[in-house]
Amino acid sequence: MFCQNCGAQMNAGDRTCKRCGAPVRQAANQYQNYAQPAEGYHREEHVSTGGWIGINFLMLIPIVNIILLIVWAFGGSRQRSLQTWARAKLILLLISILITVAVIVILIVTGVNVSDMMRNGRYY
Ligand SMILES: [Zn+2]
């Protein structure tokens, strides 16, 4: 085999090149580098289809769903897909709250009273 840096011939067991000192990237090392991220993926837990169904049912419960979303989003969950999904849900929730607040503010500013609207509704 030859050095990948300077091309000098080397012994099979050498860890660094004798001429230039570059570290040897052997086929075995390459395999190790390849295997490590795959191992990392196994350590990460994935949410099963049944898990997602359960999560969606939990999301139907008011208040509990918001608490669960905060726990999943910031609780250091190992389930990254659940974590990112919970964060996206919280952002969407925040946007919908901001829109609701904005609509209420616009109604107040324009002098439209919600109770008036309800009362008017009786006379249709
Ligand atoms: Zn070399």
# chains A, B, ... in the order shown; residues from 1 in each chain; ligands from 1

$ residues_near_ligand --ligand "ligand 1" --cutoff "8 Å" --atoms "only C-alpha atoms and all ligand atoms" --output "ChimeraX atom specification"
/A:2-8,16-22

$ write_last_selection --atoms "N, CA, C and O atoms" --output "mmCIF file, in the first residue's frame"
data_model
loop_
_atom_site.group_PDB
_atom_site.id
_atom_site.type_symbol
_atom_site.label_atom_id
_atom_site.label_comp_id
_atom_site.auth_asym_id
_atom_site.auth_seq_id
_atom_site.Cartn_x
_atom_site.Cartn_y
_atom_site.Cartn_z
ATOM 1 N N PHE A 2 0.238 2.368 -0.403
ATOM 2 C CA PHE A 2 0.969 3.635 -0.550
ATOM 3 C C PHE A 2 0.293 4.744 0.272
ATOM 4 O O PHE A 2 -0.915 4.696 0.536
ATOM 5 N N CYS A 3 1.142 5.725 0.665
ATOM 6 C CA CYS A 3 0.621 6.863 1.423
ATOM 7 C C CYS A 3 -0.342 7.669 0.551
ATOM 8 O O CYS A 3 -0.034 7.951 -0.608
ATOM 9 N N GLN A 4 -1.491 8.039 1.107
ATOM 10 C CA GLN A 4 -2.480 8.805 0.346
ATOM 11 C C GLN A 4 -2.072 10.275 0.235
ATOM 12 O O GLN A 4 -2.634 11.016 -0.559
ATOM 13 N N ASN A 5 -1.089 10.681 1.071
ATOM 14 C CA ASN A 5 -0.639 12.072 1.058
ATOM 15 C C ASN A 5 0.530 12.290 0.097
ATOM 16 O O ASN A 5 0.470 13.155 -0.773
ATOM 17 N N CYS A 6 1.612 11.456 0.251
ATOM 18 C CA CYS A 6 2.818 11.677 -0.551
ATOM 19 C C CYS A 6 3.115 10.538 -1.518
ATOM 20 O O CYS A 6 3.966 10.667 -2.377
ATOM 21 N N GLY A 7 2.416 9.434 -1.390
ATOM 22 C CA GLY A 7 2.592 8.325 -2.321
ATOM 23 C C GLY A 7 3.725 7.373 -1.991
ATOM 24 O O GLY A 7 4.029 6.487 -2.780
ATOM 25 N N ALA A 8 4.380 7.560 -0.837
ATOM 26 C CA ALA A 8 5.472 6.681 -0.420
ATOM 27 C C ALA A 8 4.931 5.294 -0.067
ATOM 28 O O ALA A 8 3.825 5.184 0.453
ATOM 29 N N THR A 16 0.876 5.754 10.636
ATOM 30 C CA THR A 16 1.227 7.031 10.002
ATOM 31 C C THR A 16 2.322 6.791 8.965
ATOM 32 O O THR A 16 3.083 5.827 9.066
ATOM 33 N N CYS A 17 2.431 7.685 7.982
ATOM 34 C CA CYS A 17 3.445 7.587 6.927
ATOM 35 C C CYS A 17 4.817 7.904 7.503
ATOM 36 O O CYS A 17 4.975 8.880 8.234
ATOM 37 N N LYS A 18 5.803 7.070 7.151
ATOM 38 C CA LYS A 18 7.164 7.261 7.685
ATOM 39 C C LYS A 18 7.836 8.483 7.041
ATOM 40 O O LYS A 18 8.690 9.117 7.635
ATOM 41 N N ARG A 19 7.441 8.806 5.811
ATOM 42 C CA ARG A 19 8.083 9.927 5.121
ATOM 43 C C ARG A 19 7.452 11.277 5.508
ATOM 44 O O ARG A 19 8.157 12.206 5.852
ATOM 45 N N CYS A 20 6.098 11.386 5.432
ATOM 46 C CA CYS A 20 5.449 12.681 5.657
ATOM 47 C C CYS A 20 4.662 12.745 6.972
ATOM 48 O O CYS A 20 4.273 13.830 7.393
ATOM 49 N N GLY A 21 4.424 11.612 7.603
ATOM 50 C CA GLY A 21 3.728 11.611 8.893
ATOM 51 C C GLY A 21 2.209 11.707 8.799
ATOM 52 O O GLY A 21 1.534 11.852 9.816
ATOM 53 N N ALA A 22 1.668 11.634 7.581
ATOM 54 C CA ALA A 22 0.212 11.716 7.417
ATOM 55 C C ALA A 22 -0.457 10.466 8.001
ATOM 56 O O ALA A 22 0.070 9.366 7.849
#

$ atom_distance --atom1 "CA of Gly50 (chain A)" --atom2 "CA of Leu93 (chain A)"
23.9 Å

$ closest_residue --among "A:Trp72, A:Arg80, A:Ile61, A:Ile66" --to "Leu92 (chain A)" --atoms "only C-alpha atoms"
A:Ile66

$ atom_distance --atom1 "CA of Ala86 (chain A)" --atom2 "CA of Ile53 (chain A)"
14.4 Å

$ atom_distance --atom1 "CA of Asn11 (chain A)" --atom2 "CA of Arg25 (chain A)"
12.9 Å

$ select_by_dssp --residues "region 67-118 of chain A" --states "helix (DSSP H, G or I)" --output "NGL selection string"
:A and (67-74 or 80-109 or 114-118)

$ write_last_selection --atoms "N, CA and C atoms" --output "short mmCIF file (atom, residue, chain, number, x, y, z; two decimals), in the first residue's frame"
data_model
loop_
_atom_site.label_atom_id
_atom_site.label_comp_id
_atom_site.auth_asym_id
_atom_site.auth_seq_id
_atom_site.Cartn_x
_atom_site.Cartn_y
_atom_site.Cartn_z
N ILE A 67 -49.20 21.22 27.19
CA ILE A 67 -48.18 20.79 28.16
C ILE A 67 -47.29 19.71 27.53
N LEU A 68 -47.93 18.73 26.87
CA LEU A 68 -47.18 17.64 26.22
C LEU A 68 -46.27 18.18 25.12
N LEU A 69 -46.78 19.14 24.34
CA LEU A 69 -45.97 19.72 23.25
C LEU A 69 -44.73 20.40 23.82
N ILE A 70 -44.90 21.14 24.93
CA ILE A 70 -43.76 21.84 25.55
C ILE A 70 -42.76 20.81 26.08
N VAL A 71 -43.27 19.76 26.72
CA VAL A 71 -42.39 18.70 27.26
C VAL A 71 -41.62 18.03 26.13
N TRP A 72 -42.31 17.69 25.04
CA TRP A 72 -41.65 17.01 23.91
C TRP A 72 -40.66 17.93 23.21
N ALA A 73 -41.03 19.20 23.08
CA ALA A 73 -40.20 20.15 22.33
C ALA A 73 -38.93 20.51 23.09
N PHE A 74 -39.03 20.64 24.42
CA PHE A 74 -37.89 21.15 25.20
C PHE A 74 -37.42 20.18 26.29
N ARG A 80 -36.14 12.42 18.10
CA ARG A 80 -35.93 13.70 17.42
C ARG A 80 -37.08 14.09 16.51
N SER A 81 -37.69 13.10 15.86
CA SER A 81 -38.81 13.40 14.97
C SER A 81 -39.97 13.98 15.77
N LEU A 82 -40.18 13.44 16.97
CA LEU A 82 -41.25 13.93 17.86
C LEU A 82 -40.91 15.33 18.36
N GLN A 83 -39.62 15.54 18.67
CA GLN A 83 -39.15 16.83 19.18
C GLN A 83 -39.36 17.95 18.14
N THR A 84 -38.92 17.69 16.92
CA THR A 84 -39.04 18.71 15.86
C THR A 84 -40.51 18.93 15.52
N TRP A 85 -41.29 17.87 15.53
CA TRP A 85 -42.73 17.99 15.24
C TRP A 85 -43.42 18.83 16.31
N ALA A 86 -43.07 18.57 17.59
CA ALA A 86 -43.66 19.32 18.71
C ALA A 86 -43.30 20.80 18.60
N ARG A 87 -42.05 21.10 18.21
CA ARG A 87 -41.62 22.49 18.05
C ARG A 87 -42.41 23.17 16.94
N ALA A 88 -42.60 22.46 15.82
CA ALA A 88 -43.37 23.01 14.69
C ALA A 88 -44.80 23.28 15.13
N LYS A 89 -45.38 22.35 15.90
CA LYS A 89 -46.75 22.49 16.40
C LYS A 89 -46.88 23.71 17.31
N LEU A 90 -45.89 23.89 18.18
CA LEU A 90 -45.89 25.04 19.11
C LEU A 90 -45.81 26.35 18.34
N ILE A 91 -44.97 26.39 17.31
CA ILE A 91 -44.82 27.59 16.48
C ILE A 91 -46.15 27.91 15.79
N LEU A 92 -46.79 26.87 15.23
CA LEU A 92 -48.09 27.05 14.56
C LEU A 92 -49.15 27.52 15.56
N LEU A 93 -49.09 26.96 16.77
CA LEU A 93 -50.03 27.34 17.84
C LEU A 93 -49.83 28.80 18.19
N LEU A 94 -48.57 29.20 18.31
CA LEU A 94 -48.22 30.59 18.64
C LEU A 94 -48.73 31.54 17.56
N ILE A 95 -48.58 31.15 16.30
CA ILE A 95 -49.05 31.97 15.17
C ILE A 95 -50.57 32.11 15.24
N SER A 96 -51.28 31.00 15.51
CA SER A 96 -52.74 31.04 15.56
C SER A 96 -53.22 31.91 16.74
N ILE A 97 -52.48 31.86 17.87
CA ILE A 97 -52.82 32.71 19.03
C ILE A 97 -52.62 34.18 18.65
N LEU A 98 -51.50 34.48 17.98
CA LEU A 98 -51.21 35.86 17.56
C LEU A 98 -52.28 36.37 16.60
N ILE A 99 -52.73 35.52 15.69
CA ILE A 99 -53.78 35.92 14.73
C ILE A 99 -55.09 36.19 15.49
N THR A 100 -55.43 35.30 16.44
CA THR A 100 -56.66 35.47 17.24
C THR A 100 -56.61 36.78 18.01
N VAL A 101 -55.46 37.05 18.66
CA VAL A 101 -55.27 38.29 19.42
C VAL A 101 -55.39 39.49 18.48
N ALA A 102 -54.77 39.38 17.31
CA ALA A 102 -54.81 40.47 16.32
C ALA A 102 -56.25 40.75 15.89
N VAL A 103 -57.03 39.70 15.65
CA VAL A 103 -58.43 39.84 15.23
C VAL A 103 -59.24 40.51 16.35
N ILE A 104 -59.02 40.09 17.61
CA ILE A 104 -59.73 40.68 18.75
C ILE A 104 -59.38 42.17 18.87
N VAL A 105 -58.09 42.48 18.73
CA VAL A 105 -57.63 43.88 18.81
C VAL A 105 -58.29 44.72 17.71
N ILE A 106 -58.32 44.16 16.49
CA ILE A 106 -58.94 44.87 15.35
C ILE A 106 -60.43 45.11 15.64
N LEU A 107 -61.12 44.10 16.19
CA LEU A 107 -62.55 44.22 16.52
C LEU A 107 -62.77 45.31 17.56
N ILE A 108 -61.89 45.37 18.58
CA ILE A 108 -62.01 46.37 19.64
C ILE A 108 -61.76 47.77 19.05
N VAL A 109 -60.69 47.87 18.25
CA VAL A 109 -60.30 49.16 17.66
C VAL A 109 -61.40 49.68 16.74
N VAL A 114 -68.36 42.07 20.31
CA VAL A 114 -68.67 40.65 20.04
C VAL A 114 -70.05 40.31 20.62
N SER A 115 -70.38 40.85 21.81
CA SER A 115 -71.68 40.57 22.43
C SER A 115 -72.82 41.19 21.61
N ASP A 116 -72.55 42.35 20.98
CA ASP A 116 -73.53 42.97 20.07
C ASP A 116 -73.82 42.06 18.89
N MET A 117 -72.74 41.50 18.35
CA MET A 117 -72.88 40.59 17.22
C MET A 117 -73.75 39.39 17.60
N MET A 118 -73.54 38.88 18.81
CA MET A 118 -74.30 37.72 19.31
C MET A 118 -75.77 38.11 19.46
#
